[in-house]
Amino acid sequence: MIAGRDLQTPEEARREEARPREPLSLWADLERVRRRITRLIENDGSPSARSADPWAEPAPSPALGSLPEHWNPAGQLREIFGLSEFEMDILLLCAGVAIDRRFSMALAALQPDSPAPTFGLAASALENPHWNALSRMRPLRYWRLIEIEPGPLLHAPLHIDERILQYLLGVPAADERLEPVIHTLQGGDERFEERSVALLEAAQRGALHWSRAAGTILLTGIRSGERQLLFHAMCRAAGLHAWVIDAGDLPEAAAERERLARAYTREAALWPAALLIRTERLQDPQLLEAWIRRVSAAVAVDVETGSAAERLSGMRVAAPAMSAAERKAEWQRRLGPLAAELDPELDAMVEAFALDSKEIAETAEAIEEEAALASAAQDGNAICSSAWRLCRTAARRSLDELATLVESNAAWADLVLPDAQTATLRQIAIHARQAARVNNEWGFARRYARGLGLSALFAGPSGTGKTMAAGVLAQELDRDLYQIDLATVVSKYIGETEKHLRKIFDAAERSGAILLFDEADALFGKRSQVKDSHDRYANLEVSYLLQRMESYSGIAILTTNMQNALDPAFQRRLRFVVQFPFPDAPSRERIWRNVFPSAAPLASLDYERLAQLNVTGGAIRNIALLSAFLAADAGTPIVMKHVLEAARTEYAKLDKPLSAAETRGWE
């Protein structure tokens, strides 16, 4: 409840206690104020006052006559804002002048020069007047229930605020000063009775906190959509409308922020409502916290993991993540009959892409649109592939700013590896495809809460195909592949590296993407003996990674050419380890036969002799590409001399001599 900043005197309090509290209609309240004005006119002996006879039309106006029978907005306003009897009657007097011409006729009889009521008139006509009613710290002016025109305070015309008049009349409205920055939060149509017990308990906890203190609640959790869902559930439990504001839209000037805080507090009390503050564009947490302290209403702050909003004070309520079963139920609810057409693809989508309810709703709508187009084109088989593609598009948004998307067109035929390594890579693909069945249908996820993710180490010399193999798996599983740039992850500031890694792992879990940690030994290195504070904090980073890899439920691939540099504890947590050997001569010959595109003009290439070059597949690709440019510049097909010239350049780059044994028989 909002109260005035200036406490009432004991005498005023006794008067309010003595005032009858039975519910009255708005018209009855206005009629009571009218009769006070009538008595003032009757006491005036002037003929003009008597001849005006302003009460010749006793029936209420059509606007008032249309109000509900038991509508008592005056009593509600008095309770909300802590108005005294005199202050409430001033408000009713201004309302009567605004909506009923009989009030204006009466005022014209009393004060011909001013069609609006004044404080002097109110003090003369109304009961229990007190001078501090027009103080800036009393409710009428503090909450801008009335407006006062310039001039001497006693004789300045008074007008009721438009929003307050609309409230008295029962007209749906909102304060126009708030419209540019505060909006209704969409998406409140969820059926919360179908949600998890954890969500309902968190919502009840937040609503209870609001009812006791109307304080600030910090909504935490991995996904923005789940935090917004929790806010909707809290509003539903508390019986409040859900509104939202972006912290970046708050005014910079202190006076403007104060006016906005008062305007919102007033509006939130009239609805009533709760406010969600989004913090993606938050610049100064202290200014936001100062503004929140000026708001006497239910407020929740959307706290992004690792953001500056985490430093705000308030009660923290964590938004529970949707389980796989809840995600599937939400998909089925949003897709309706179309969900049956996606089986068994729907289970794979649920397992791979941990979308929140808002993303599921948006993606389901897009799937329905594409399904309608496919049906019109008699191409119903495209629905499943379209659904998977749309899920990939929706899920990758969270990773685009944290890692680099790797595009790959590599296929299994492009990998030149021993049979054992190829078999292990295919097992990785099987593991990813069957995760939904094994973890959910067969109950492994209920038995083991940790270690359900898929992590693999690709070890071997540079250029042996480790990154290509990751791309092949991404193509096989139809998932995005994101490479982690260690330069953007590792920070010299304490705790920042862990914060960056937490964002990456959280985003990867929900996106279904494959994480590629190239040159992983730089990040997953061995813990060392602590000699100073730098060693201690470096070991903390490794320990955090150990814990995060244990709890990570997505797919992560680590590549290194120095396997011995990795901490042994990491290798225990890896599900697969694939050794990429240096290619032997037969393997190099296979690589040479596949390295040139079919459209490239070739002439007299001896692949057996090319395989004499003792280099990896990555170096072979570089040599082939450079030889193609040399042949194009010469205007001839690619021949052995172009490859030889390109090989010399590549060997020089590697700081390696090109021996005669490797080029024997080329010319």
# chains A, B, ... in the order shown; residues from 1 in each chain; ligands from 1
call {"tool": "select_by_dssp", "arguments": {"residues": "region 264-455 of chain A", "states": "strand (DSSP E)", "output": "MDAnalysis selection string"}}
result
chainID A and resid 273:278 298:302 315:318 404:405 454:455
call {"tool": "write_last_selection", "arguments": {"atoms": "N, CA, C and O atoms", "output": "compact mmCIF listing (two decimals), in the first residue's frame"}}
result
# COMPACT_ATOMS: atom_id res chain seq x y z
N ALA A 273 0.44 -4.15 -10.30
CA ALA A 273 1.36 -4.77 -11.25
C ALA A 273 2.72 -4.99 -10.61
O ALA A 273 3.04 -4.44 -9.56
N ALA A 274 3.52 -5.83 -11.27
CA ALA A 274 4.92 -6.05 -10.91
C ALA A 274 5.78 -5.74 -12.13
O ALA A 274 5.33 -5.88 -13.27
N LEU A 275 7.01 -5.35 -11.89
CA LEU A 275 7.90 -4.89 -12.96
C LEU A 275 9.11 -5.79 -13.08
O LEU A 275 9.80 -6.06 -12.08
N LEU A 276 9.37 -6.26 -14.30
CA LEU A 276 10.60 -7.00 -14.60
C LEU A 276 11.58 -6.06 -15.27
O LEU A 276 11.26 -5.44 -16.28
N ILE A 277 12.78 -5.96 -14.72
CA ILE A 277 13.82 -5.08 -15.26
C ILE A 277 14.85 -5.93 -16.00
O ILE A 277 15.52 -6.76 -15.40
N ARG A 278 14.93 -5.74 -17.31
CA ARG A 278 15.93 -6.45 -18.10
C ARG A 278 17.24 -5.69 -18.04
O ARG A 278 17.25 -4.45 -18.07
N ALA A 298 6.29 -4.08 -6.38
CA ALA A 298 6.94 -5.36 -6.62
C ALA A 298 7.85 -5.26 -7.83
O ALA A 298 7.40 -4.89 -8.92
N VAL A 299 9.13 -5.58 -7.65
CA VAL A 299 10.13 -5.46 -8.72
C VAL A 299 10.95 -6.74 -8.76
O VAL A 299 11.31 -7.30 -7.73
N ALA A 300 11.25 -7.20 -9.97
CA ALA A 300 12.16 -8.32 -10.19
C ALA A 300 13.19 -7.91 -11.23
O ALA A 300 12.86 -7.21 -12.19
N VAL A 301 14.43 -8.33 -11.03
CA VAL A 301 15.52 -8.00 -11.94
C VAL A 301 15.97 -9.27 -12.65
O VAL A 301 16.26 -10.28 -12.00
N ASP A 302 16.00 -9.22 -13.97
CA ASP A 302 16.47 -10.34 -14.78
C ASP A 302 18.00 -10.34 -14.78
O ASP A 302 18.62 -9.44 -15.35
N MET A 315 16.64 -10.45 -2.85
CA MET A 315 16.47 -11.87 -2.64
C MET A 315 16.60 -12.60 -3.97
O MET A 315 15.93 -12.26 -4.94
N ARG A 316 17.46 -13.60 -4.01
CA ARG A 316 17.69 -14.35 -5.24
C ARG A 316 16.75 -15.55 -5.33
O ARG A 316 16.64 -16.34 -4.38
N VAL A 317 16.11 -15.67 -6.48
CA VAL A 317 15.24 -16.81 -6.76
C VAL A 317 15.69 -17.40 -8.08
O VAL A 317 15.71 -16.71 -9.11
N ALA A 318 16.09 -18.66 -8.07
CA ALA A 318 16.62 -19.31 -9.27
C ALA A 318 15.48 -19.90 -10.09
O ALA A 318 14.58 -20.57 -9.56
N THR A 404 33.30 -19.17 -32.45
CA THR A 404 33.31 -19.01 -33.91
C THR A 404 32.67 -20.22 -34.56
O THR A 404 33.07 -21.37 -34.31
N LEU A 405 31.66 -19.98 -35.39
CA LEU A 405 31.01 -21.07 -36.11
C LEU A 405 31.94 -21.59 -37.20
O LEU A 405 32.46 -20.83 -38.02
N LEU A 454 29.07 -35.86 -23.71
CA LEU A 454 29.93 -36.59 -24.64
C LEU A 454 31.18 -35.76 -24.86
O LEU A 454 31.14 -34.70 -25.50
N SER A 455 32.30 -36.22 -24.32
CA SER A 455 33.57 -35.50 -24.48
C SER A 455 34.59 -36.44 -25.11
O SER A 455 34.66 -37.62 -24.78
call {"tool": "select_by_dssp", "arguments": {"residues": "region 510-634 of chain A", "states": "alpha helix (DSSP H)", "output": "mmCIF file with N, CA and C atoms, in the first residue's frame"}}
result
data_model
loop_
_atom_site.group_PDB
_atom_site.id
_atom_site.type_symbol
_atom_site.label_atom_id
_atom_site.label_comp_id
_atom_site.auth_asym_id
_atom_site.auth_seq_id
_atom_site.Cartn_x
_atom_site.Cartn_y
_atom_site.Cartn_z
ATOM 1 N N ARG A 510 22.537 -25.546 -24.132
ATOM 2 C CA ARG A 510 21.182 -25.284 -24.624
ATOM 3 C C ARG A 510 21.107 -25.259 -26.149
ATOM 4 N N SER A 511 22.248 -25.069 -26.812
ATOM 5 C CA SER A 511 22.224 -24.927 -28.270
ATOM 6 C C SER A 511 22.358 -26.253 -28.999
ATOM 7 N N SER A 533 50.762 -16.853 -5.743
ATOM 8 C CA SER A 533 49.329 -16.690 -5.967
ATOM 9 C C SER A 533 48.937 -17.002 -7.409
ATOM 10 N N HIS A 534 49.819 -16.762 -8.354
ATOM 11 C CA HIS A 534 49.509 -17.044 -9.757
ATOM 12 C C HIS A 534 49.285 -18.538 -9.966
ATOM 13 N N ASP A 535 50.136 -19.358 -9.343
ATOM 14 C CA ASP A 535 49.955 -20.801 -9.454
ATOM 15 C C ASP A 535 48.637 -21.241 -8.824
ATOM 16 N N ARG A 536 48.303 -20.623 -7.689
ATOM 17 C CA ARG A 536 47.074 -21.014 -7.002
ATOM 18 C C ARG A 536 45.852 -20.733 -7.871
ATOM 19 N N TYR A 537 45.797 -19.548 -8.466
ATOM 20 C CA TYR A 537 44.639 -19.208 -9.281
ATOM 21 C C TYR A 537 44.634 -19.965 -10.602
ATOM 22 N N ALA A 538 45.808 -20.274 -11.144
ATOM 23 C CA ALA A 538 45.852 -21.105 -12.349
ATOM 24 C C ALA A 538 45.300 -22.498 -12.049
ATOM 25 N N ASN A 539 45.629 -23.041 -10.899
ATOM 26 C CA ASN A 539 45.101 -24.338 -10.511
ATOM 27 C C ASN A 539 43.590 -24.281 -10.284
ATOM 28 N N LEU A 540 43.098 -23.145 -9.790
ATOM 29 C CA LEU A 540 41.654 -22.991 -9.613
ATOM 30 C C LEU A 540 40.930 -23.049 -10.949
ATOM 31 N N GLU A 541 41.527 -22.463 -11.991
ATOM 32 C CA GLU A 541 40.916 -22.518 -13.318
ATOM 33 C C GLU A 541 40.822 -23.958 -13.803
ATOM 34 N N VAL A 542 41.898 -24.731 -13.626
ATOM 35 C CA VAL A 542 41.889 -26.124 -14.055
ATOM 36 C C VAL A 542 40.866 -26.914 -13.247
ATOM 37 N N SER A 543 40.785 -26.643 -11.949
ATOM 38 C CA SER A 543 39.818 -27.348 -11.112
ATOM 39 C C SER A 543 38.395 -27.020 -11.531
ATOM 40 N N TYR A 544 38.140 -25.768 -11.889
ATOM 41 C CA TYR A 544 36.801 -25.401 -12.360
ATOM 42 C C TYR A 544 36.466 -26.156 -13.644
ATOM 43 N N LEU A 545 37.423 -26.248 -14.553
ATOM 44 C CA LEU A 545 37.188 -26.963 -15.804
ATOM 45 C C LEU A 545 36.899 -28.442 -15.550
ATOM 46 N N LEU A 546 37.607 -29.035 -14.576
ATOM 47 C CA LEU A 546 37.353 -30.428 -14.244
ATOM 48 C C LEU A 546 35.908 -30.626 -13.795
ATOM 49 N N GLN A 547 35.440 -29.752 -12.913
ATOM 50 C CA GLN A 547 34.069 -29.854 -12.428
ATOM 51 C C GLN A 547 33.067 -29.601 -13.546
ATOM 52 N N ARG A 548 33.355 -28.617 -14.394
ATOM 53 C CA ARG A 548 32.395 -28.264 -15.455
ATOM 54 C C ARG A 548 32.321 -29.357 -16.511
ATOM 55 N N MET A 549 33.454 -29.965 -16.834
ATOM 56 C CA MET A 549 33.426 -31.061 -17.793
ATOM 57 C C MET A 549 32.660 -32.255 -17.229
ATOM 58 N N GLU A 550 32.705 -32.433 -15.906
ATOM 59 C CA GLU A 550 31.987 -33.534 -15.277
ATOM 60 C C GLU A 550 30.479 -33.343 -15.378
ATOM 61 N N SER A 551 30.014 -32.084 -15.242
ATOM 62 C CA SER A 551 28.580 -31.806 -15.243
ATOM 63 C C SER A 551 28.049 -31.430 -16.626
ATOM 64 N N PRO A 568 46.001 -35.296 -16.031
ATOM 65 C CA PRO A 568 45.465 -36.671 -16.078
ATOM 66 C C PRO A 568 43.998 -36.762 -15.669
ATOM 67 N N ALA A 569 43.552 -35.856 -14.799
ATOM 68 C CA ALA A 569 42.149 -35.903 -14.366
ATOM 69 C C ALA A 569 41.199 -35.628 -15.516
ATOM 70 N N PHE A 570 41.633 -34.854 -16.487
ATOM 71 C CA PHE A 570 40.792 -34.609 -17.653
ATOM 72 C C PHE A 570 40.613 -35.883 -18.469
ATOM 73 N N GLN A 571 41.703 -36.612 -18.642
ATOM 74 C CA GLN A 571 41.640 -37.801 -19.476
ATOM 75 C C GLN A 571 40.723 -38.853 -18.874
ATOM 76 N N ARG A 572 40.613 -38.880 -17.528
ATOM 77 C CA ARG A 572 39.688 -39.811 -16.898
ATOM 78 C C ARG A 572 38.241 -39.449 -17.221
ATOM 79 N N ARG A 573 37.959 -38.142 -17.392
ATOM 80 C CA ARG A 573 36.595 -37.686 -17.648
ATOM 81 C C ARG A 573 36.216 -37.736 -19.130
ATOM 82 N N ALA A 585 52.819 -43.889 -46.090
ATOM 83 C CA ALA A 585 52.824 -43.661 -47.535
ATOM 84 C C ALA A 585 51.494 -44.042 -48.189
ATOM 85 N N PRO A 586 50.921 -45.218 -47.906
ATOM 86 C CA PRO A 586 49.617 -45.527 -48.525
ATOM 87 C C PRO A 586 48.526 -44.517 -48.142
ATOM 88 N N SER A 587 48.543 -44.059 -46.892
ATOM 89 C CA SER A 587 47.548 -43.064 -46.475
ATOM 90 C C SER A 587 47.762 -41.748 -47.213
ATOM 91 N N ARG A 588 49.054 -41.366 -47.379
ATOM 92 C CA ARG A 588 49.328 -40.118 -48.093
ATOM 93 C C ARG A 588 48.886 -40.215 -49.544
ATOM 94 N N GLU A 589 49.037 -41.393 -50.144
ATOM 95 C CA GLU A 589 48.592 -41.547 -51.523
ATOM 96 C C GLU A 589 47.074 -41.390 -51.624
ATOM 97 N N ARG A 590 46.324 -41.922 -50.662
ATOM 98 C CA ARG A 590 44.862 -41.747 -50.656
ATOM 99 C C ARG A 590 44.493 -40.274 -50.514
ATOM 100 N N ILE A 591 45.258 -39.586 -49.688
ATOM 101 C CA ILE A 591 44.970 -38.159 -49.505
ATOM 102 C C ILE A 591 45.222 -37.404 -50.801
ATOM 103 N N TRP A 592 46.333 -37.726 -51.478
ATOM 104 C CA TRP A 592 46.640 -37.035 -52.733
ATOM 105 C C TRP A 592 45.559 -37.309 -53.794
ATOM 106 N N ARG A 593 45.032 -38.501 -53.823
ATOM 107 C CA ARG A 593 44.029 -38.825 -54.828
ATOM 108 C C ARG A 593 42.711 -38.076 -54.591
ATOM 109 N N ASN A 594 42.459 -37.664 -53.351
ATOM 110 C CA ASN A 594 41.195 -36.995 -53.024
ATOM 111 C C ASN A 594 41.332 -35.494 -52.817
ATOM 112 N N VAL A 595 42.561 -34.980 -52.862
ATOM 113 C CA VAL A 595 42.748 -33.587 -52.468
ATOM 114 C C VAL A 595 42.317 -32.604 -53.557
ATOM 115 N N TYR A 607 50.549 -40.197 -58.354
ATOM 116 C CA TYR A 607 50.176 -40.125 -56.940
ATOM 117 C C TYR A 607 51.109 -40.956 -56.063
ATOM 118 N N GLU A 608 51.638 -42.041 -56.603
ATOM 119 C CA GLU A 608 52.555 -42.846 -55.806
ATOM 120 C C GLU A 608 53.822 -42.061 -55.499
ATOM 121 N N ARG A 609 54.324 -41.306 -56.493
ATOM 122 C CA ARG A 609 55.515 -40.489 -56.249
ATOM 123 C C ARG A 609 55.173 -39.283 -55.358
ATOM 124 N N LEU A 610 53.951 -38.714 -55.520
ATOM 125 C CA LEU A 610 53.568 -37.601 -54.637
ATOM 126 C C LEU A 610 53.530 -38.046 -53.183
ATOM 127 N N GLY A 617 48.347 -34.504 -43.834
ATOM 128 C CA GLY A 617 47.264 -34.153 -44.738
ATOM 129 C C GLY A 617 47.052 -32.658 -44.850
ATOM 130 N N GLY A 618 47.271 -31.918 -43.759
ATOM 131 C CA GLY A 618 47.123 -30.470 -43.825
ATOM 132 C C GLY A 618 48.138 -29.839 -44.749
ATOM 133 N N ALA A 619 49.399 -30.339 -44.711
ATOM 134 C CA ALA A 619 50.431 -29.814 -45.610
ATOM 135 C C ALA A 619 50.130 -30.208 -47.056
ATOM 136 N N ILE A 620 49.606 -31.415 -47.272
ATOM 137 C CA ILE A 620 49.250 -31.844 -48.625
ATOM 138 C C ILE A 620 48.188 -30.914 -49.205
ATOM 139 N N ARG A 621 47.210 -30.550 -48.390
ATOM 140 C CA ARG A 621 46.174 -29.629 -48.869
ATOM 141 C C ARG A 621 46.794 -28.299 -49.278
ATOM 142 N N ASN A 622 47.704 -27.771 -48.473
ATOM 143 C CA ASN A 622 48.336 -26.486 -48.796
ATOM 144 C C ASN A 622 49.132 -26.569 -50.096
ATOM 145 N N ILE A 623 49.861 -27.685 -50.268
ATOM 146 C CA ILE A 623 50.656 -27.853 -51.494
ATOM 147 C C ILE A 623 49.739 -27.941 -52.712
ATOM 148 N N ALA A 624 48.668 -28.688 -52.590
ATOM 149 C CA ALA A 624 47.744 -28.843 -53.721
ATOM 150 C C ALA A 624 47.110 -27.508 -54.094
ATOM 151 N N LEU A 625 46.741 -26.718 -53.094
ATOM 152 C CA LEU A 625 46.103 -25.433 -53.374
ATOM 153 C C LEU A 625 47.076 -24.477 -54.060
ATOM 154 N N LEU A 626 48.323 -24.417 -53.574
ATOM 155 C CA LEU A 626 49.299 -23.514 -54.183
ATOM 156 C C LEU A 626 49.644 -23.968 -55.603
ATOM 157 N N SER A 627 49.741 -25.278 -55.813
ATOM 158 C CA SER A 627 50.043 -25.770 -57.171
ATOM 159 C C SER A 627 48.917 -25.417 -58.138
ATOM 160 N N ALA A 628 47.691 -25.379 -57.655
ATOM 161 C CA ALA A 628 46.573 -24.998 -58.519
ATOM 162 C C ALA A 628 46.698 -23.543 -58.945
ATOM 163 N N PHE A 629 47.086 -22.667 -58.029
ATOM 164 C CA PHE A 629 47.262 -21.257 -58.387
ATOM 165 C C PHE A 629 48.410 -21.092 -59.382
ATOM 166 N N LEU A 630 49.501 -21.855 -59.196
ATOM 167 C CA LEU A 630 50.630 -21.755 -60.121
ATOM 168 C C LEU A 630 50.217 -22.206 -61.527
ATOM 169 N N ALA A 631 49.444 -23.278 -61.593
ATOM 170 C CA ALA A 631 48.996 -23.769 -62.908
ATOM 171 C C ALA A 631 48.026 -22.789 -63.552
ATOM 172 N N ALA A 632 47.155 -22.196 -62.747
ATOM 173 C CA ALA A 632 46.203 -21.225 -63.302
ATOM 174 C C ALA A 632 46.937 -20.017 -63.849
ATOM 175 N N ASP A 633 47.990 -19.582 -63.167
ATOM 176 C CA ASP A 633 48.743 -18.433 -63.650
ATOM 177 C C ASP A 633 49.493 -18.757 -64.940
ATOM 178 N N ALA A 634 49.934 -20.018 -65.071
ATOM 179 C CA ALA A 634 50.652 -20.428 -66.282
ATOM 180 C C ALA A 634 49.706 -20.782 -67.417
#
call {"tool": "residues_around", "arguments": {"residues": "Ala324 (chain A)", "least_positions_apart": "4", "cutoff": "7 Å", "atoms": "only C-alpha atoms", "output": "JSON, numbers by chain"}}
result
{"A": [328, 350, 351]}
call {"tool": "write_last_selection", "arguments": {"atoms": "N, CA, C and O atoms", "output": "compact mmCIF listing (two decimals), in the first residue's frame"}}
result
# COMPACT_ATOMS: atom_id res chain seq x y z
N LYS A 328 9.51 -31.81 -23.95
CA LYS A 328 8.72 -32.60 -24.90
C LYS A 328 7.23 -32.27 -24.76
O LYS A 328 6.51 -32.12 -25.77
N VAL A 350 14.36 -32.79 -28.67
CA VAL A 350 14.28 -32.47 -27.25
C VAL A 350 15.62 -32.70 -26.57
O VAL A 350 16.05 -31.90 -25.74
N GLU A 351 16.28 -33.80 -26.92
CA GLU A 351 17.56 -34.12 -26.28
C GLU A 351 18.67 -33.18 -26.75
O GLU A 351 19.52 -32.77 -25.95
call {"tool": "closest_residue", "arguments": {"among": "A:Val578, A:Val295, A:Phe505, A:Met349", "to": "Asp419 (chain A)", "atoms": "only C-alpha atoms"}}
result
A:Val578
call {"tool": "residues_around", "arguments": {"residues": "region 420-435 of chain A", "least_positions_apart": "4", "cutoff": "12 Å", "atoms": "only C-alpha atoms", "output": "MDAnalysis selection string"}}
result
chainID A and resid 324 344:345 347:352 412:416 439:445 452:460 465:466 468:479 512:514 553:557 574:581
call {"tool": "atom_distance", "arguments": {"atom1": "CA of Asp343 (chain A)", "atom2": "CA of Met322 (chain A)"}}
result
20.4 Å
call {"tool": "residues_around", "arguments": {"residues": "region 231-237 of chain A", "least_positions_apart": "6", "cutoff": "8 Å", "atoms": "only C-alpha atoms", "output": "list in words"}}
result
Gly188, Phe192, Leu199, Leu200, Ala202, Ala203, Gln204, Gly206, Ala207, Leu219, Ala273, Ala274, Leu276 and Ala300 of chain A
call {"tool": "write_last_selection", "arguments": {"atoms": "all heavy atoms", "output": "mmCIF file, in the first residue's frame"}}
result
data_model
loop_
_atom_site.group_PDB
_atom_site.id
_atom_site.type_symbol
_atom_site.label_atom_id
_atom_site.label_comp_id
_atom_site.auth_asym_id
_atom_site.auth_seq_id
_atom_site.Cartn_x
_atom_site.Cartn_y
_atom_site.Cartn_z
ATOM 1 N N GLY A 188 2.241 -14.375 -21.236
ATOM 2 C CA GLY A 188 1.705 -14.808 -19.948
ATOM 3 C C GLY A 188 0.561 -15.796 -20.063
ATOM 4 O O GLY A 188 -0.231 -15.927 -19.128
ATOM 5 N N PHE A 192 0.441 -22.856 -16.005
ATOM 6 C CA PHE A 192 1.456 -23.140 -14.996
ATOM 7 C C PHE A 192 1.139 -24.410 -14.208
ATOM 8 O O PHE A 192 2.033 -24.983 -13.590
ATOM 9 C CB PHE A 192 1.587 -21.952 -14.040
ATOM 10 C CG PHE A 192 2.122 -20.723 -14.705
ATOM 11 C CD1 PHE A 192 1.294 -19.669 -15.039
ATOM 12 C CD2 PHE A 192 3.457 -20.623 -15.020
ATOM 13 C CE1 PHE A 192 1.794 -18.542 -15.668
ATOM 14 C CE2 PHE A 192 3.969 -19.501 -15.649
ATOM 15 C CZ PHE A 192 3.131 -18.453 -15.974
ATOM 16 N N LEU A 199 9.224 -25.070 -10.321
ATOM 17 C CA LEU A 199 8.833 -23.750 -10.812
ATOM 18 C C LEU A 199 7.730 -23.157 -9.949
ATOM 19 O O LEU A 199 7.777 -21.978 -9.580
ATOM 20 C CB LEU A 199 8.377 -23.848 -12.270
ATOM 21 C CG LEU A 199 7.807 -22.560 -12.875
ATOM 22 C CD1 LEU A 199 8.874 -21.482 -12.953
ATOM 23 C CD2 LEU A 199 7.202 -22.814 -14.240
ATOM 24 N N LEU A 200 6.727 -23.950 -9.617
ATOM 25 C CA LEU A 200 5.620 -23.442 -8.807
ATOM 26 C C LEU A 200 6.089 -23.051 -7.416
ATOM 27 O O LEU A 200 5.635 -22.055 -6.847
ATOM 28 C CB LEU A 200 4.519 -24.502 -8.727
ATOM 29 C CG LEU A 200 3.887 -24.891 -10.073
ATOM 30 C CD1 LEU A 200 2.824 -25.953 -9.878
ATOM 31 C CD2 LEU A 200 3.300 -23.669 -10.762
ATOM 32 N N ALA A 202 9.144 -22.020 -6.601
ATOM 33 C CA ALA A 202 9.908 -20.776 -6.738
ATOM 34 C C ALA A 202 8.976 -19.585 -6.915
ATOM 35 O O ALA A 202 9.207 -18.502 -6.365
ATOM 36 C CB ALA A 202 10.876 -20.886 -7.912
ATOM 37 N N ALA A 203 7.886 -19.766 -7.682
ATOM 38 C CA ALA A 203 6.930 -18.685 -7.883
ATOM 39 C C ALA A 203 6.232 -18.319 -6.576
ATOM 40 O O ALA A 203 6.038 -17.134 -6.276
ATOM 41 C CB ALA A 203 5.904 -19.092 -8.938
ATOM 42 N N GLN A 204 5.860 -19.309 -5.795
ATOM 43 C CA GLN A 204 5.216 -19.037 -4.513
ATOM 44 C C GLN A 204 6.164 -18.316 -3.558
ATOM 45 O O GLN A 204 5.759 -17.414 -2.815
ATOM 46 C CB GLN A 204 4.748 -20.354 -3.876
ATOM 47 C CG GLN A 204 3.572 -21.006 -4.590
ATOM 48 C CD GLN A 204 2.285 -20.210 -4.429
ATOM 49 O OE1 GLN A 204 2.168 -19.359 -3.556
ATOM 50 N NE2 GLN A 204 1.318 -20.495 -5.286
ATOM 51 N N GLY A 206 8.637 -16.266 -4.425
ATOM 52 C CA GLY A 206 8.745 -14.881 -4.859
ATOM 53 C C GLY A 206 7.501 -14.074 -4.532
ATOM 54 O O GLY A 206 7.587 -12.925 -4.077
ATOM 55 N N ALA A 207 6.308 -14.661 -4.752
ATOM 56 C CA ALA A 207 5.072 -13.951 -4.454
ATOM 57 C C ALA A 207 4.948 -13.662 -2.964
ATOM 58 O O ALA A 207 4.471 -12.589 -2.563
ATOM 59 C CB ALA A 207 3.881 -14.775 -4.938
ATOM 60 N N LEU A 219 16.119 -12.531 -10.295
ATOM 61 C CA LEU A 219 15.812 -13.789 -10.959
ATOM 62 C C LEU A 219 17.074 -14.320 -11.624
ATOM 63 O O LEU A 219 17.614 -13.707 -12.544
ATOM 64 C CB LEU A 219 14.717 -13.585 -12.008
ATOM 65 C CG LEU A 219 13.366 -13.087 -11.478
ATOM 66 C CD1 LEU A 219 12.375 -12.949 -12.625
ATOM 67 C CD2 LEU A 219 12.818 -14.000 -10.407
ATOM 68 N N ALA A 273 0.444 -4.151 -10.300
ATOM 69 C CA ALA A 273 1.362 -4.772 -11.250
ATOM 70 C C ALA A 273 2.722 -4.994 -10.614
ATOM 71 O O ALA A 273 3.042 -4.435 -9.557
ATOM 72 C CB ALA A 273 1.505 -3.885 -12.490
ATOM 73 N N ALA A 274 3.521 -5.828 -11.272
ATOM 74 C CA ALA A 274 4.921 -6.054 -10.911
ATOM 75 C C ALA A 274 5.777 -5.744 -12.128
ATOM 76 O O ALA A 274 5.328 -5.884 -13.269
ATOM 77 C CB ALA A 274 5.151 -7.491 -10.449
ATOM 78 N N LEU A 276 9.374 -6.260 -14.297
ATOM 79 C CA LEU A 276 10.598 -7.004 -14.599
ATOM 80 C C LEU A 276 11.579 -6.059 -15.271
ATOM 81 O O LEU A 276 11.259 -5.437 -16.280
ATOM 82 C CB LEU A 276 10.299 -8.188 -15.519
ATOM 83 C CG LEU A 276 11.511 -9.003 -15.980
ATOM 84 C CD1 LEU A 276 12.172 -9.705 -14.807
ATOM 85 C CD2 LEU A 276 11.122 -10.012 -17.058
ATOM 86 N N ALA A 300 11.249 -7.201 -9.975
ATOM 87 C CA ALA A 300 12.163 -8.320 -10.186
ATOM 88 C C ALA A 300 13.193 -7.911 -11.232
ATOM 89 O O ALA A 300 12.863 -7.211 -12.192
ATOM 90 C CB ALA A 300 11.419 -9.569 -10.637
#
call {"tool": "closest_residue", "arguments": {"among": "A:Ala403, A:Leu417, A:Ala600, A:Ala254", "to": "Gln483 (chain A)", "atoms": "only C-alpha atoms"}}
result
A:Ala403
call {"tool": "residues_around", "arguments": {"residues": "Ala156 (chain A)", "least_positions_apart": "5", "cutoff": "12 Å", "atoms": "only C-alpha atoms", "output": "PyMOL selection string"}}
result
chain A and resi 113-122+134+146-151
call {"tool": "closest_residue", "arguments": {"among": "A:Gln228, A:Asn561, A:Thr216, A:Asn128", "to": "Arg293 (chain A)", "atoms": "only C-alpha atoms"}}
result
A:Thr216
call {"tool": "closest_residue", "arguments": {"among": "A:Phe81, A:Tyr552, A:Trp291, A:Phe86", "to": "Pro139 (chain A)", "atoms": "only C-alpha atoms"}}
result
A:Phe81
call {"tool": "atom_distance", "arguments": {"atom1": "CA of Ile292 (chain A)", "atom2": "CA of Glu496 (chain A)"}}
result
27.9 Å
call {"tool": "residues_around", "arguments": {"residues": "Arg327 (chain A)", "least_positions_apart": "3", "cutoff": "8 Å", "atoms": "only C-alpha atoms", "output": "number ranges by chain"}}
result
A: 322-324, 330-331, 350, 354-357
